[in-house]
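Below: the structure, in structure tokens.
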Amino acid sequence: MKWRFFIIIFPFVIAYFFLITNLYNIQLNKSDYYLARAAFQLNAAGNLEPNRGNIYFTDKNNNLIQAVLNKNYDMIFAVPKEIQQGSEGPEGLEKLALIVNLSVEEIGKKLNKKNDLYELLVQKAAPEQVKQIQELISRGFKGVYVTKQKLRFYPYNNLASHLLGFVSLAGDSEVSKYGNSQIGRYGVELQFNSVLTGEKGKIDGQNLVLTIDRDIQSQSEEVLKKLISDWKAEGGTVIVQEPSSGKILAMANFPNFDPNNYSGFEIKSFLNPAVQSVYESGSVFKIMTIAAGIDSGKIFPETTYVDKGTVTLNNRTIHNWWNKIYGKATMTEVLENSINTGSVFAEQKIGHETFYQYLTKFGFNELTKINLPGEVKSNIRNLVKGRDIHYATASFGQGISVTPIALINAFSAVANGGVLMKPLILADEKPQMIRRVISPETSKKLTQMMISTVKKNKVADIANYSIAGKSGTAYIPDFKSGGYTDEVINTFVGFAPAISPKFTILIKLDKPVDAPFATVAVGPAFWDLTQFILNYYNIPPDNLAISQ
């Protein structure tokens, strides 16, 4: 009977022995590893907190397209104490440094920190790196491990990168403050960080649906990329807006960055020029001047004046582009030929105080309050108690500076029958009217003048469609020596179809090489993008509406 008892109990004794041995191994021999892994997860692993909400683009059929999602990445980390206790020597560290793309000195600094339970070596490891680390471990290298962590993934790489922003691991103070190991940096990721992260330990973060149309965004970036390449420019911006609602359909900037690999870019690359920078826009701003003149009843499209080629105010002389003299000209011809002295004439008829009031009504003295971080205001401060010359140059967009988002929003107000809307970035935001800027009658008259301007210059004209637009070429100020440099910024802003506008487009080109003026440089790009959107939405021609 005893031998039967021992046969029954023996397997349990063996199992208990292995259990005790394994427990000893975990608690003593592997204690450093598990302490490190616990610290690693508490500080970095997204699995211990709610899933961050996804971000979606849309298309013309309101389909949702994932622009930002969560993805499991292989991560490589080290337990410094285990490596220090090992016997691999300098040769092993050299191999490790080579795999994780660090120098031996950098690896040494990371692994010799006091009281450091773990050290992150590679946040998003490539398959080849993981394979090499596993081979290194199999050859006896101790203290280096591969684990998985859920991080942000941007499937379209650089597309709309300034608008989306990115996510990075939080510092200790940020974890204690926000309760999350990952924090949004820049763009929508920052603006809606608390919405996307959710409540720690309770619910997942909320998804966001943007007004951005993936197809229009993609085409905008292609047009901008080609434009910059053709003119060897330093950069540029494209914004597409729906004027009736204020929805932003596309927001593209170049240079841009890849939010999947943001660490490879300089910090200045993350700022969004569409909302976080100002510039002197040049002659596109004449639309604001003529709008103020017509709406205040001081001028009409048919109002004439005699251009002598120059205007002298406060001992400074203003010239027309290429020093041209036009003689007798109407206000419509002022826009068609972009006559600087004509804008000065209009501003003088309006009066400084009224002119300033209209610029304020158009939104150039306040934030647009678009739901993106770091927005700056346009700058028209020099008009407060300014001299005649300041108002004169402001009438054609020099001496004052605007943000691209404020400029397109003002043009959209003209397209929207004179009503200024808040620019929207979230699909579920309700359209918000800011104020009426000009009357519907002024909007119609100005639109016809802009249609005539496009037809006169031909570059942005599209057969069978009414296109309203204006170009502008502005010299860049010399902030060191005063005055202006020889470098320029070209802009084209317009809307279509002009009689019942469905979209407004702004294209800005920074420092093109040998670009004569904006109509020639940027006009064709505006034509390309306008043609694409007309076809994309299947918008019928409206030329018959013009002739009636």
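Following the order of the structure tokens, chains are lettered A, B, ..., residues in each are numbered from 1, and ligands are numbered from 1.
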| query | Could you pull out the strand (DSSP E or B) residues of segment 286-359 of chain A from DSSP and send them as a ChimeraX atom specification? | reply | /A:304-307,310-313,316-319,327-330
| task | Could you give me, as a ChimeraX atom specification, the residues within 8 Å of Met251 of chain A, counting only C-alpha atoms and dropping anything in the same chain fewer than 3 positions from it? | result | /A:160,163,212,217,220,237-240,248,274
For Val493 of chain A, find every residue with an atom within 10 Å (counting only C-alpha atoms), except residues of its own chain fewer than 4 positions away, and show them as a PDB file with N, CA, C and O atoms, in the first residue's frame.
ATOM      1  N   VAL A 238      -1.251  75.849 -47.988  1.00  0.00           N
ATOM      2  CA  VAL A 238      -2.522  75.767 -48.711  1.00  0.00           C
ATOM      3  C   VAL A 238      -3.627  75.519 -47.689  1.00  0.00           C
ATOM      4  O   VAL A 238      -3.496  74.639 -46.833  1.00  0.00           O
ATOM      5  N   ILE A 239      -4.696  76.316 -47.767  1.00  0.00           N
ATOM      6  CA  ILE A 239      -5.879  76.098 -46.942  1.00  0.00           C
ATOM      7  C   ILE A 239      -7.093  76.073 -47.857  1.00  0.00           C
ATOM      8  O   ILE A 239      -7.200  76.892 -48.768  1.00  0.00           O
ATOM      9  N   VAL A 240      -7.986  75.133 -47.619  1.00  0.00           N
ATOM     10  CA  VAL A 240      -9.264  75.073 -48.336  1.00  0.00           C
ATOM     11  C   VAL A 240     -10.375  75.137 -47.290  1.00  0.00           C
ATOM     12  O   VAL A 240     -10.347  74.387 -46.305  1.00  0.00           O
ATOM     13  N   VAL A 284      -3.302  90.864 -52.447  1.00  0.00           N
ATOM     14  CA  VAL A 284      -4.565  90.174 -52.157  1.00  0.00           C
ATOM     15  C   VAL A 284      -5.393  91.006 -51.182  1.00  0.00           C
ATOM     16  O   VAL A 284      -6.625  90.937 -51.164  1.00  0.00           O
ATOM     17  N   PHE A 285      -4.704  91.811 -50.389  1.00  0.00           N
ATOM     18  CA  PHE A 285      -5.387  92.602 -49.371  1.00  0.00           C
ATOM     19  C   PHE A 285      -6.195  93.757 -49.971  1.00  0.00           C
ATOM     20  O   PHE A 285      -7.026  94.366 -49.286  1.00  0.00           O
ATOM     21  N   LEU A 407      -6.701  85.388 -43.142  1.00  0.00           N
ATOM     22  CA  LEU A 407      -6.874  85.913 -44.497  1.00  0.00           C
ATOM     23  C   LEU A 407      -7.914  85.116 -45.270  1.00  0.00           C
ATOM     24  O   LEU A 407      -8.816  85.686 -45.896  1.00  0.00           O
ATOM     25  N   ILE A 408      -7.824  83.781 -45.230  1.00  0.00           N
ATOM     26  CA  ILE A 408      -8.811  82.993 -45.966  1.00  0.00           C
ATOM     27  C   ILE A 408     -10.185  83.138 -45.339  1.00  0.00           C
ATOM     28  O   ILE A 408     -11.205  83.144 -46.040  1.00  0.00           O
ATOM     29  N   PHE A 411     -11.712  86.263 -46.777  1.00  0.00           N
ATOM     30  CA  PHE A 411     -12.163  86.034 -48.144  1.00  0.00           C
ATOM     31  C   PHE A 411     -13.438  85.199 -48.160  1.00  0.00           C
ATOM     32  O   PHE A 411     -14.333  85.415 -48.981  1.00  0.00           O
ATOM     33  N   SER A 412     -13.511  84.223 -47.255  1.00  0.00           N
ATOM     34  CA  SER A 412     -14.717  83.399 -47.177  1.00  0.00           C
ATOM     35  C   SER A 412     -15.926  84.227 -46.759  1.00  0.00           C
ATOM     36  O   SER A 412     -17.054  83.918 -47.147  1.00  0.00           O
ATOM     37  N   ALA A 468     -13.673  83.621 -58.741  1.00  0.00           N
ATOM     38  CA  ALA A 468     -13.348  84.912 -58.137  1.00  0.00           C
ATOM     39  C   ALA A 468     -12.020  84.801 -57.402  1.00  0.00           C
ATOM     40  O   ALA A 468     -11.832  83.874 -56.598  1.00  0.00           O
ATOM     41  N   GLY A 469     -11.100  85.704 -57.671  1.00  0.00           N
ATOM     42  CA  GLY A 469      -9.806  85.585 -57.007  1.00  0.00           C
ATOM     43  C   GLY A 469      -8.963  86.827 -57.113  1.00  0.00           C
ATOM     44  O   GLY A 469      -9.285  87.769 -57.848  1.00  0.00           O
ATOM     45  N   LYS A 470      -7.875  86.816 -56.371  1.00  0.00           N
ATOM     46  CA  LYS A 470      -6.909  87.917 -56.405  1.00  0.00           C
ATOM     47  C   LYS A 470      -5.560  87.396 -55.979  1.00  0.00           C
ATOM     48  O   LYS A 470      -5.446  86.578 -55.051  1.00  0.00           O
ATOM     49  N   SER A 471      -4.528  87.861 -56.654  1.00  0.00           N
ATOM     50  CA  SER A 471      -3.160  87.475 -56.325  1.00  0.00           C
ATOM     51  C   SER A 471      -2.471  88.605 -55.570  1.00  0.00           C
ATOM     52  O   SER A 471      -2.955  89.735 -55.531  1.00  0.00           O
ATOM     53  N   GLY A 472      -1.351  88.271 -54.980  1.00  0.00           N
ATOM     54  CA  GLY A 472      -0.568  89.288 -54.278  1.00  0.00           C
ATOM     55  C   GLY A 472       0.885  88.893 -54.173  1.00  0.00           C
ATOM     56  O   GLY A 472       1.206  87.735 -53.886  1.00  0.00           O
ATOM     57  N   THR A 504     -13.337  78.009 -50.717  1.00  0.00           N
ATOM     58  CA  THR A 504     -12.346  79.081 -50.838  1.00  0.00           C
ATOM     59  C   THR A 504     -10.971  78.447 -50.730  1.00  0.00           C
ATOM     60  O   THR A 504     -10.759  77.532 -49.923  1.00  0.00           O
ATOM     61  N   ILE A 505     -10.034  78.931 -51.536  1.00  0.00           N
ATOM     62  CA  ILE A 505      -8.671  78.383 -51.528  1.00  0.00           C
ATOM     63  C   ILE A 505      -7.671  79.505 -51.292  1.00  0.00           C
ATOM     64  O   ILE A 505      -7.758  80.567 -51.911  1.00  0.00           O
ATOM     65  N   LEU A 506      -6.728  79.261 -50.388  1.00  0.00           N
ATOM     66  CA  LEU A 506      -5.566  80.141 -50.212  1.00  0.00           C
ATOM     67  C   LEU A 506      -4.310  79.345 -50.515  1.00  0.00           C
ATOM     68  O   LEU A 506      -4.127  78.250 -49.982  1.00  0.00           O
ATOM     69  N   ILE A 507      -3.460  79.905 -51.377  1.00  0.00           N
ATOM     70  CA  ILE A 507      -2.160  79.302 -51.656  1.00  0.00           C
ATOM     71  C   ILE A 507      -1.088  80.365 -51.416  1.00  0.00           C
ATOM     72  O   ILE A 507      -1.135  81.443 -51.994  1.00  0.00           O
ATOM     73  N   LYS A 508      -0.140  80.026 -50.572  1.00  0.00           N
ATOM     74  CA  LYS A 508       0.941  80.954 -50.198  1.00  0.00           C
ATOM     75  C   LYS A 508       2.271  80.283 -50.508  1.00  0.00           C
ATOM     76  O   LYS A 508       2.498  79.121 -50.153  1.00  0.00           O
ATOM     77  N   VAL A 522       1.800  81.403 -58.683  1.00  0.00           N
ATOM     78  CA  VAL A 522       0.831  80.666 -57.877  1.00  0.00           C
ATOM     79  C   VAL A 522      -0.490  80.438 -58.610  1.00  0.00           C
ATOM     80  O   VAL A 522      -1.214  79.491 -58.306  1.00  0.00           O
ATOM     81  N   GLY A 523      -0.798  81.288 -59.590  1.00  0.00           N
ATOM     82  CA  GLY A 523      -2.053  81.166 -60.330  1.00  0.00           C
ATOM     83  C   GLY A 523      -2.306  79.784 -60.900  1.00  0.00           C
ATOM     84  O   GLY A 523      -3.402  79.220 -60.723  1.00  0.00           O
ATOM     85  N   PHE A 526      -3.342  77.385 -58.195  1.00  0.00           N
ATOM     86  CA  PHE A 526      -4.727  77.639 -57.801  1.00  0.00           C
ATOM     87  C   PHE A 526      -5.677  77.017 -58.826  1.00  0.00           C
ATOM     88  O   PHE A 526      -6.693  76.415 -58.463  1.00  0.00           O
TER      89      PHE A 526
END
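Residue neighbourhood of Tyr145 of chain A, excluding near-sequence residues (fewer than 5 positions): Ile76, Phe77, Ala78 and Ile133 of chain A, at 8 Å, using only C-alpha atoms.
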Serialized selection, C-alpha atoms, as an mmCIF file, in the first residue's frame:
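part14.cif, written as the output of this step:
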data_model
loop_
_atom_site.group_PDB
_atom_site.id
_atom_site.type_symbol
_atom_site.label_atom_id
_atom_site.label_comp_id
_atom_site.auth_asym_id
_atom_site.auth_seq_id
_atom_site.Cartn_x
_atom_site.Cartn_y
_atom_site.Cartn_z
ATOM 1 C CA ILE A 76 13.795 47.693 -26.650
ATOM 2 C CA PHE A 77 14.776 48.499 -23.084
ATOM 3 C CA ALA A 78 17.601 47.647 -20.736
ATOM 4 C CA ILE A 133 18.624 41.935 -30.145
#
| Gap from atom CA of Glu234 of chain A to atom CA of Phe254 of chain A - Å, one decimal |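 Result for atom CA of Glu234 of chain A versus atom CA of Phe254 of chain A: 8.2 Å, one decimal.
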| message | Just want the 12 Å neighbourhood of Lys113 of chain A, counted on only C-alpha atoms, with same-chain residues fewer than 4 positions away dropped. Output as number ranges by chain. | response | A: 78-81, 84, 106-109, 117-119
Quick one: contact table of segment 436-495 of chain A to segment 325-333 of chain A, 9 Å max, nearest atom pair and distance in Å to one decimal per residue, counting only C-alpha atoms, chain and number order, as JSON lines?
{"residue": "A:Leu446", "atom": "CA", "partner": "A:Thr332", "partner_atom": "CA", "distance": 8.8}
{"residue": "A:Gln448", "atom": "CA", "partner": "A:Thr332", "partner_atom": "CA", "distance": 9.0}
{"residue": "A:Met449", "atom": "CA", "partner": "A:Thr332", "partner_atom": "CA", "distance": 5.5}
{"residue": "A:Met450", "atom": "CA", "partner": "A:Thr332", "partner_atom": "CA", "distance": 8.2}
{"residue": "A:Ser452", "atom": "CA", "partner": "A:Thr332", "partner_atom": "CA", "distance": 7.8}
{"residue": "A:Thr453", "atom": "CA", "partner": "A:Thr332", "partner_atom": "CA", "distance": 7.7}
Export, as an mmCIF file, in the first residue's frame, the selected residues with all heavy atoms.
data_model
loop_
_atom_site.group_PDB
_atom_site.id
_atom_site.type_symbol
_atom_site.label_atom_id
_atom_site.label_comp_id
_atom_site.auth_asym_id
_atom_site.auth_seq_id
_atom_site.Cartn_x
_atom_site.Cartn_y
_atom_site.Cartn_z
ATOM 1 N N LEU A 446 -18.431 93.069 -55.294
ATOM 2 C CA LEU A 446 -17.010 92.731 -55.166
ATOM 3 C C LEU A 446 -16.710 91.405 -55.856
ATOM 4 O O LEU A 446 -15.652 91.249 -56.492
ATOM 5 C CB LEU A 446 -16.635 92.663 -53.689
ATOM 6 C CG LEU A 446 -15.150 92.472 -53.359
ATOM 7 C CD1 LEU A 446 -14.298 93.564 -53.989
ATOM 8 C CD2 LEU A 446 -14.938 92.443 -51.852
ATOM 9 N N GLN A 448 -18.180 90.176 -58.508
ATOM 10 C CA GLN A 448 -18.101 90.430 -59.951
ATOM 11 C C GLN A 448 -16.778 91.081 -60.323
ATOM 12 O O GLN A 448 -16.190 90.769 -61.367
ATOM 13 C CB GLN A 448 -19.273 91.316 -60.389
ATOM 14 C CG GLN A 448 -20.629 90.632 -60.354
ATOM 15 C CD GLN A 448 -20.715 89.467 -61.333
ATOM 16 O OE1 GLN A 448 -20.001 89.399 -62.318
ATOM 17 N NE2 GLN A 448 -21.621 88.528 -61.059
ATOM 18 N N MET A 449 -16.278 91.957 -59.474
ATOM 19 C CA MET A 449 -14.976 92.585 -59.724
ATOM 20 C C MET A 449 -13.858 91.545 -59.672
ATOM 21 O O MET A 449 -12.911 91.580 -60.479
ATOM 22 C CB MET A 449 -14.722 93.690 -58.696
ATOM 23 C CG MET A 449 -15.703 94.860 -58.769
ATOM 24 S SD MET A 449 -15.539 96.006 -57.379
ATOM 25 C CE MET A 449 -14.037 96.883 -57.838
ATOM 26 N N MET A 450 -13.973 90.590 -58.755
ATOM 27 C CA MET A 450 -12.955 89.541 -58.636
ATOM 28 C C MET A 450 -13.031 88.560 -59.801
ATOM 29 O O MET A 450 -11.999 88.052 -60.264
ATOM 30 C CB MET A 450 -13.123 88.808 -57.304
ATOM 31 C CG MET A 450 -12.839 89.679 -56.082
ATOM 32 S SD MET A 450 -13.304 88.888 -54.517
ATOM 33 C CE MET A 450 -12.087 87.568 -54.436
ATOM 34 N N SER A 452 -13.958 89.402 -62.804
ATOM 35 C CA SER A 452 -13.351 90.161 -63.899
ATOM 36 C C SER A 452 -11.832 90.155 -63.797
ATOM 37 O O SER A 452 -11.122 90.070 -64.805
ATOM 38 C CB SER A 452 -13.874 91.605 -63.876
ATOM 39 O OG SER A 452 -13.313 92.357 -64.927
ATOM 40 N N THR A 453 -11.325 90.203 -62.560
ATOM 41 C CA THR A 453 -9.870 90.188 -62.337
ATOM 42 C C THR A 453 -9.262 88.866 -62.799
ATOM 43 O O THR A 453 -8.211 88.835 -63.454
ATOM 44 C CB THR A 453 -9.568 90.412 -60.845
ATOM 45 O OG1 THR A 453 -10.066 91.697 -60.460
ATOM 46 C CG2 THR A 453 -8.079 90.344 -60.558
#
Contacts of segment 476-484 of chain A at 8 Å (only C-alpha atoms; same-chain gap of 4+ positions) as a PDB file with C-alpha atoms, in the first residue's frame:
ATOM      1  CA  GLU A 280       2.642  90.730 -45.220  1.00  0.00           C
ATOM      2  CA  VAL A 488       8.984  87.865 -51.866  1.00  0.00           C
ATOM      3  CA  ILE A 489       5.972  85.865 -50.739  1.00  0.00           C
TER       4      ILE A 489
END
| Residues flagged helix (DSSP H, G or I) by DSSP in segment 173-254 of chain A, as a ChimeraX atom specification | /A:173-178,187-191,193-197,214-231
Would you save the residues of that selection, restricted to N, CA, C and O atoms, as a short mmCIF file (atom, residue, chain, number, x, y, z; two decimals), in the first residue's frame?
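Contents of out_13.cif, as written:
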data_model
loop_
_atom_site.label_atom_id
_atom_site.label_comp_id
_atom_site.auth_asym_id
_atom_site.auth_seq_id
_atom_site.Cartn_x
_atom_site.Cartn_y
_atom_site.Cartn_z
N SER A 173 6.58 64.37 -14.12
CA SER A 173 5.67 65.42 -13.64
C SER A 173 4.38 65.44 -14.44
O SER A 173 3.30 65.71 -13.90
N GLU A 174 4.48 65.15 -15.74
CA GLU A 174 3.29 65.14 -16.58
C GLU A 174 2.40 63.94 -16.27
O GLU A 174 1.17 64.05 -16.30
N VAL A 175 3.01 62.81 -15.97
CA VAL A 175 2.22 61.62 -15.60
C VAL A 175 1.42 61.90 -14.34
O VAL A 175 0.23 61.58 -14.25
N SER A 176 2.07 62.53 -13.35
CA SER A 176 1.36 62.82 -12.10
C SER A 176 0.30 63.88 -12.30
O SER A 176 -0.74 63.87 -11.64
N LYS A 177 0.51 64.78 -13.26
CA LYS A 177 -0.45 65.87 -13.50
C LYS A 177 -1.63 65.39 -14.34
O LYS A 177 -2.79 65.67 -14.02
N TYR A 178 -1.34 64.68 -15.44
CA TYR A 178 -2.39 64.29 -16.38
C TYR A 178 -2.88 62.86 -16.19
O TYR A 178 -3.93 62.48 -16.71
N GLY A 187 -0.75 70.51 -32.58
CA GLY A 187 -1.91 70.14 -33.37
C GLY A 187 -3.10 69.65 -32.57
O GLY A 187 -3.28 69.95 -31.39
N VAL A 188 -3.94 68.86 -33.24
CA VAL A 188 -5.14 68.32 -32.64
C VAL A 188 -4.80 67.42 -31.45
O VAL A 188 -5.53 67.38 -30.46
N GLU A 189 -3.70 66.68 -31.52
CA GLU A 189 -3.30 65.81 -30.43
C GLU A 189 -3.13 66.60 -29.13
O GLU A 189 -3.47 66.11 -28.05
N LEU A 190 -2.60 67.81 -29.23
CA LEU A 190 -2.44 68.66 -28.05
C LEU A 190 -3.76 69.35 -27.68
O LEU A 190 -4.16 69.35 -26.51
N GLN A 191 -4.42 69.93 -28.69
CA GLN A 191 -5.63 70.71 -28.43
C GLN A 191 -6.71 69.89 -27.72
O GLN A 191 -7.41 70.39 -26.85
N ASN A 193 -6.16 66.85 -26.10
CA ASN A 193 -5.48 65.78 -25.37
C ASN A 193 -6.38 65.13 -24.32
O ASN A 193 -6.45 63.91 -24.21
N SER A 194 -7.08 65.96 -23.53
CA SER A 194 -7.91 65.42 -22.46
C SER A 194 -9.09 64.63 -23.00
O SER A 194 -9.55 63.67 -22.39
N VAL A 195 -9.60 65.01 -24.16
CA VAL A 195 -10.71 64.29 -24.79
C VAL A 195 -10.22 62.94 -25.33
O VAL A 195 -10.90 61.92 -25.18
N LEU A 196 -9.07 62.95 -25.93
CA LEU A 196 -8.53 61.74 -26.55
C LEU A 196 -8.04 60.72 -25.52
O LEU A 196 -8.11 59.51 -25.76
N THR A 197 -7.54 61.18 -24.39
CA THR A 197 -6.95 60.25 -23.42
C THR A 197 -7.99 59.53 -22.58
O THR A 197 -7.77 58.41 -22.12
N ARG A 214 -9.87 63.90 -46.69
CA ARG A 214 -8.60 63.25 -46.99
C ARG A 214 -8.15 63.48 -48.44
O ARG A 214 -6.97 63.74 -48.72
N ASP A 215 -9.10 63.42 -49.39
CA ASP A 215 -8.75 63.55 -50.80
C ASP A 215 -8.33 64.98 -51.15
O ASP A 215 -7.38 65.19 -51.91
N ILE A 216 -9.05 65.96 -50.59
CA ILE A 216 -8.68 67.36 -50.85
C ILE A 216 -7.36 67.69 -50.17
O ILE A 216 -6.52 68.41 -50.71
N GLN A 217 -7.17 67.14 -48.96
CA GLN A 217 -5.91 67.36 -48.25
C GLN A 217 -4.74 66.79 -49.04
O GLN A 217 -3.70 67.44 -49.22
N SER A 218 -4.91 65.58 -49.53
CA SER A 218 -3.85 64.93 -50.29
C SER A 218 -3.52 65.70 -51.56
O SER A 218 -2.35 65.92 -51.90
N GLN A 219 -4.56 66.14 -52.28
CA GLN A 219 -4.34 66.89 -53.51
C GLN A 219 -3.69 68.24 -53.21
O GLN A 219 -2.82 68.71 -53.96
N SER A 220 -4.09 68.87 -52.12
CA SER A 220 -3.50 70.16 -51.74
C SER A 220 -2.01 70.01 -51.49
O SER A 220 -1.21 70.86 -51.90
N GLU A 221 -1.63 68.93 -50.83
CA GLU A 221 -0.21 68.71 -50.55
C GLU A 221 0.57 68.40 -51.82
O GLU A 221 1.72 68.81 -51.97
N GLU A 222 -0.05 67.68 -52.75
CA GLU A 222 0.61 67.40 -54.02
C GLU A 222 0.82 68.69 -54.82
O GLU A 222 1.89 68.91 -55.40
N VAL A 223 -0.21 69.53 -54.87
CA VAL A 223 -0.11 70.81 -55.58
C VAL A 223 0.97 71.68 -54.95
O VAL A 223 1.78 72.29 -55.64
N LEU A 224 0.98 71.73 -53.63
CA LEU A 224 1.97 72.55 -52.93
C LEU A 224 3.38 72.03 -53.14
O LEU A 224 4.32 72.80 -53.37
N LYS A 225 3.53 70.72 -53.08
CA LYS A 225 4.85 70.11 -53.28
C LYS A 225 5.41 70.44 -54.66
O LYS A 225 6.58 70.80 -54.82
N LYS A 226 4.57 70.33 -55.69
CA LYS A 226 5.00 70.64 -57.05
C LYS A 226 5.31 72.12 -57.21
O LYS A 226 6.30 72.49 -57.86
N LEU A 227 4.48 72.96 -56.62
CA LEU A 227 4.68 74.40 -56.71
C LEU A 227 6.03 74.81 -56.11
O LEU A 227 6.78 75.59 -56.71
N ILE A 228 6.34 74.26 -54.95
CA ILE A 228 7.59 74.58 -54.28
C ILE A 228 8.78 74.06 -55.08
O ILE A 228 9.81 74.72 -55.21
N SER A 229 8.62 72.88 -55.65
CA SER A 229 9.69 72.30 -56.48
C SER A 229 9.93 73.13 -57.74
O SER A 229 11.07 73.40 -58.11
N ASP A 230 8.85 73.54 -58.38
CA ASP A 230 8.96 74.30 -59.64
C ASP A 230 9.68 75.64 -59.43
O ASP A 230 10.43 76.09 -60.31
N TRP A 231 9.42 76.27 -58.29
CA TRP A 231 9.97 77.61 -58.06
C TRP A 231 11.07 77.62 -57.01
O TRP A 231 11.52 78.69 -56.59
#
| request: Would you please work out which residue, of A:Ala413, A:Ile389, A:Ala250, A:Ala515, is nearest to Ile533 of chain A when using only C-alpha atoms? | output: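 Counting only C-alpha atoms, the residue closest to Ile533 of chain A is A:Ala250.
Among the candidates A:His352, A:Arg381, A:Lys298, A:Arg387, the residue lying nearest to Asn314 of chain A is A:Arg387 (atoms considered: only C-alpha atoms).
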| task | Tell me, as a list of chain:residue names, which residues lie within 12 Å of Lys131 of chain A, counting only C-alpha atoms; anything in the same chain fewer than 4 positions away does not count. | result | A:Asp74, A:Ile76, A:Ile99, A:Val100, A:Ala125, A:Ala126, A:Pro127, A:Glu135, A:Leu136, A:Ile137, A:Ser138, A:Tyr145, A:Val146
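Proximity to Lys349 of chain A was assessed for A:Phe364, A:Tyr465, A:Tyr305, A:Tyr156 counting only C-alpha atoms; the smallest distance is recorded for A:Tyr305.
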| field | atom CA of Gly397 of chain A to atom CA of Val311 of chain A, straight-line distance in Å | value |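 According to the coordinates, atom CA of Val311 of chain A and atom CA of Gly397 of chain A are separated by 15.9 Å.
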| said: My list of candidates is A:Asn371, A:Asn464, A:Asn253, A:Ser244. Which is closest to Val414 of chain A when distances are computed with only C-alpha atoms? | reply: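 Ranked by minimum distance to Val414 of chain A, first place goes to A:Ser244.
The space between atom CA of Ala97 of chain A and atom CA of Ile83 of chain A spans 13.3 Å.
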| message | Just checking: using only C-alpha atoms, which residue out of A:Ala525, A:Leu249, A:Ala406, A:Ile290 ends up closest to Leu424 of chain A? | response | A:Leu249
| query | Of the candidates A:Val275, A:Val454, A:Ile183, A:Ile318, which shows the shortest atom-to-atom distance to Tyr391 of chain A, using only C-alpha atoms? | reply |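 Of A:Val275, A:Val454, A:Ile183, A:Ile318, the one nearest Tyr391 of chain A, counting only C-alpha atoms, is A:Ile318.
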